[in-house]
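Since the structure comes first, as structure tokens, the remarks are kept for the end.
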Amino acid sequence: SEAAFAVALDLTGLDGGRVQVREYRFDADHNSYYHLARALRRQSPAEREPAGFTAESAGLLAAIGRAAETGIDAYPWQLAWTMSTYLLRRGLWHDHALAWSAGLDAARTARDQVGEAYSLHGLAEGYSRSCRFGDAELLYRQALRQFETIGGNPSIEAVIHDGLTCLAERQERPDEALGHAMRALDRYREAGHRPGQLRVLNNIGFSHAKLGDYQ
């Protein structure tokens, strides 16, 4: 869609309570919210201005919904992805679910299988963190099937198995946790992702210990 819109965002408290107004144009060619979010995400905490995502989050969340309403279907899940870590670390479960739900709906409307897969995984992560274990497990499994359908991505499949490992551990199912950890290790090895392999090896050792296998 060539639909476009502009958003004026009031930013307060950045300098002695001064109010700044920024206008962002959001269309198929110039998505300034998306690029802003990516730029903030790439910065380290030391580099990021104190307001950072906090000052911009309301506008970014509004942009996700507005993009979905105007039929720019690729952007909602991409914007949700850029905000996901921030929302999870702040414990903003409701906003996280709203962002990824809008992304999922838009991806399905556009028949964007990649966007749908990432949205399912994003929702699963939030539900897992907020202790909605049943919902999280269902969505993790749907995401895994979706990634397998579109040709496989060993790195993200490893992350999903990591998530399923964590769910099983938190529900005292060490045998299931071990199975997912082993599959995560296989995917990380396939992807050549050494930090992931080291983390998963720790999970495998923990699961063996929970099962009474100390060797």
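Just so we're on the same page: first chain in the structure tokens is A, next is B, and so on; residues restart at 1 for each chain, and ligands are numbered from 1 in the order they show up.
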Considering only C-alpha atoms, return as number ranges by chain whatever protein or nucleic-acid residues lie within 10 Å of A:Gln215, sequence-local ones (same chain, fewer than 4 positions apart) excluded. A: 205, 208-209
Would you put the residues from that selection into a file with N, CA, C and O atoms, as an mmCIF file, in the first residue's frame?
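Saved file result.cif follows:
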```cif
data_model
loop_
_atom_site.group_PDB
_atom_site.id
_atom_site.type_symbol
_atom_site.label_atom_id
_atom_site.label_comp_id
_atom_site.auth_asym_id
_atom_site.auth_seq_id
_atom_site.Cartn_x
_atom_site.Cartn_y
_atom_site.Cartn_z
ATOM 1 N N GLY A 205 23.743 -30.000 30.921
ATOM 2 C CA GLY A 205 24.297 -30.468 32.195
ATOM 3 C C GLY A 205 23.300 -30.309 33.335
ATOM 4 O O GLY A 205 23.169 -31.203 34.180
ATOM 5 N N HIS A 208 20.632 -33.036 33.062
ATOM 6 C CA HIS A 208 21.154 -34.329 33.517
ATOM 7 C C HIS A 208 21.201 -34.376 35.049
ATOM 8 O O HIS A 208 20.861 -35.406 35.656
ATOM 9 N N ALA A 209 21.615 -33.273 35.660
ATOM 10 C CA ALA A 209 21.671 -33.235 37.123
ATOM 11 C C ALA A 209 20.281 -33.385 37.732
ATOM 12 O O ALA A 209 20.099 -34.109 38.729
#
```
Which residue of A:His96, A:Arg108, A:Lys210, A:Arg194 approaches A:Glu176 most closely, using only C-alpha atoms: A:Lys210
Within 12 Å of A:Gly152 using only C-alpha atoms, minus same-chain residues under 3 positions, as a PyMOL selection string: chain A and resi 113-114+117+143-149+155-158+187+190-191
When distances are computed from only C-alpha atoms, which of A:Gly122, A:Gly212, A:Pro174, A:Pro195 shows the smallest separation from A:Ala99? A:Gly122
Between atom CA of A:Phe133 and atom CA of A:Gly163, measure the distance and give it in Å to one decimal. 10.7 Å
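Take atom CA of A:Leu167 and atom CA of A:Arg129: the distance between them is 9.4 Å.
Computed from the coordinates, the atom CA of A:Asp105 to atom CA of A:Ile64 distance equals 11.3 Å.
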